[in-house]
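To keep things clear, I will list the structure first and then write my remarks on it.
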Amino acid sequence: MSSTWVDYSYFADELNVKVQTIRVYATARPSDDPKKKSQRAEDFPQRVNDAAARTPYFDKAEADAWIAKRKAEGKARKQPD
């Protein structure tokens, strides 16, 4: 059984954000400044193709799970107290 691969634009389309935002979630490095939090999403799916490839691809099932989690977290933050 082969898996379907998706790229950054899939994440961006599903979350209604810019591709650059997804790239930051996937690749941002922690700051040397302890007061600044990294923008990288530690649980972002691992790429499935070679790291030397120009375009990173991700397993669609893992992408969908991560996207669902982000959407749920966003809804939880928007809930009034």
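Letters for chains follow the order of the structure tokens (A, B, ...), residue numbers begin at 1 for each chain, and ligand numbers begin at 1 in the order shown.
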(message) What's around region 65-68 of chain A at 12 Å? Count only C-alpha atoms, leave out sequence neighbours fewer than 2 positions away in its own chain, and write the answer as a VMD selection string.
(response) chain A and resid 8 10 to 17 22 25 to 26 41 to 46 58 to 63 70 to 75
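The residues of chain A that DSSP assigns to strand (DSSP E or B) on this backbone come out as Trp5, Val6, Arg47, Phe58 and Asp59 of chain A.
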(request) List every residue of region 4-74 of chain A that DSSP, applied to the backbone of this structure, assigns to helix (DSSP H, G or I), and report them as an NGL selection string. (result) :A and (8-15 or 19-27 or 60-74)
With N, CA and C atoms retained, could you export that selection as a short mmCIF file (atom, residue, chain, number, x, y, z; two decimals), in the first residue's frame?
data_model
loop_
_atom_site.label_atom_id
_atom_site.label_comp_id
_atom_site.auth_asym_id
_atom_site.auth_seq_id
_atom_site.Cartn_x
_atom_site.Cartn_y
_atom_site.Cartn_z
N TYR A 8 4.15 21.63 1.44
CA TYR A 8 3.76 22.73 2.32
C TYR A 8 2.43 23.37 1.91
N SER A 9 2.17 23.46 0.61
CA SER A 9 0.94 24.13 0.16
C SER A 9 -0.31 23.40 0.64
N TYR A 10 -0.23 22.10 0.82
CA TYR A 10 -1.38 21.35 1.33
C TYR A 10 -1.71 21.81 2.76
N PHE A 11 -0.69 21.89 3.60
CA PHE A 11 -0.88 22.36 4.97
C PHE A 11 -1.46 23.78 4.95
N ALA A 12 -0.87 24.66 4.12
CA ALA A 12 -1.30 26.05 4.06
C ALA A 12 -2.76 26.16 3.62
N ASP A 13 -3.13 25.42 2.60
CA ASP A 13 -4.51 25.45 2.11
C ASP A 13 -5.49 24.98 3.18
N GLU A 14 -5.15 23.91 3.86
CA GLU A 14 -6.05 23.34 4.88
C GLU A 14 -6.19 24.25 6.10
N LEU A 15 -5.13 24.99 6.42
CA LEU A 15 -5.15 25.86 7.60
C LEU A 15 -5.41 27.32 7.27
N VAL A 19 2.07 29.76 2.82
CA VAL A 19 3.05 28.67 2.75
C VAL A 19 4.25 29.00 3.63
N GLN A 20 4.66 30.26 3.67
CA GLN A 20 5.80 30.66 4.49
C GLN A 20 5.56 30.35 5.97
N THR A 21 4.33 30.48 6.43
CA THR A 21 4.00 30.16 7.82
C THR A 21 4.27 28.68 8.08
N ILE A 22 3.86 27.84 7.16
CA ILE A 22 4.08 26.40 7.31
C ILE A 22 5.57 26.09 7.28
N ARG A 23 6.30 26.75 6.40
CA ARG A 23 7.75 26.54 6.33
C ARG A 23 8.40 26.87 7.67
N VAL A 24 7.94 27.93 8.31
CA VAL A 24 8.48 28.30 9.63
C VAL A 24 8.15 27.22 10.65
N TYR A 25 6.90 26.75 10.65
CA TYR A 25 6.52 25.68 11.58
C TYR A 25 7.40 24.45 11.40
N ALA A 26 7.76 24.18 10.16
CA ALA A 26 8.52 22.97 9.85
C ALA A 26 10.02 23.11 10.08
N THR A 27 10.55 24.31 9.95
CA THR A 27 12.01 24.43 9.90
C THR A 27 12.65 25.43 10.84
N LYS A 60 0.48 12.15 3.80
CA LYS A 60 -0.80 12.84 3.91
C LYS A 60 -1.54 12.47 5.19
N ALA A 61 -1.52 11.23 5.59
CA ALA A 61 -2.21 10.83 6.82
C ALA A 61 -1.62 11.54 8.04
N GLU A 62 -0.29 11.65 8.08
CA GLU A 62 0.35 12.37 9.19
C GLU A 62 0.04 13.86 9.11
N ALA A 63 0.02 14.39 7.89
CA ALA A 63 -0.32 15.80 7.70
C ALA A 63 -1.74 16.07 8.17
N ASP A 64 -2.67 15.22 7.79
CA ASP A 64 -4.07 15.40 8.18
C ASP A 64 -4.23 15.34 9.70
N ALA A 65 -3.52 14.45 10.35
CA ALA A 65 -3.59 14.35 11.81
C ALA A 65 -3.04 15.62 12.46
N TRP A 66 -1.92 16.14 11.94
CA TRP A 66 -1.32 17.35 12.50
C TRP A 66 -2.24 18.55 12.27
N ILE A 67 -2.82 18.63 11.08
CA ILE A 67 -3.74 19.72 10.76
C ILE A 67 -4.96 19.68 11.68
N ALA A 68 -5.52 18.51 11.90
CA ALA A 68 -6.68 18.37 12.79
C ALA A 68 -6.32 18.83 14.20
N LYS A 69 -5.13 18.47 14.65
CA LYS A 69 -4.68 18.88 15.99
C LYS A 69 -4.56 20.40 16.07
N ARG A 70 -3.97 21.02 15.05
CA ARG A 70 -3.81 22.48 15.04
C ARG A 70 -5.17 23.17 15.05
N LYS A 71 -6.11 22.63 14.27
CA LYS A 71 -7.44 23.23 14.22
C LYS A 71 -8.13 23.11 15.58
N ALA A 72 -7.99 21.97 16.23
CA ALA A 72 -8.60 21.77 17.55
C ALA A 72 -7.97 22.70 18.57
N GLU A 73 -6.66 22.87 18.52
CA GLU A 73 -5.98 23.78 19.44
C GLU A 73 -6.43 25.22 19.21
N GLY A 74 -6.63 25.58 17.95
CA GLY A 74 -7.10 26.92 17.63
C GLY A 74 -8.50 27.18 18.15
#
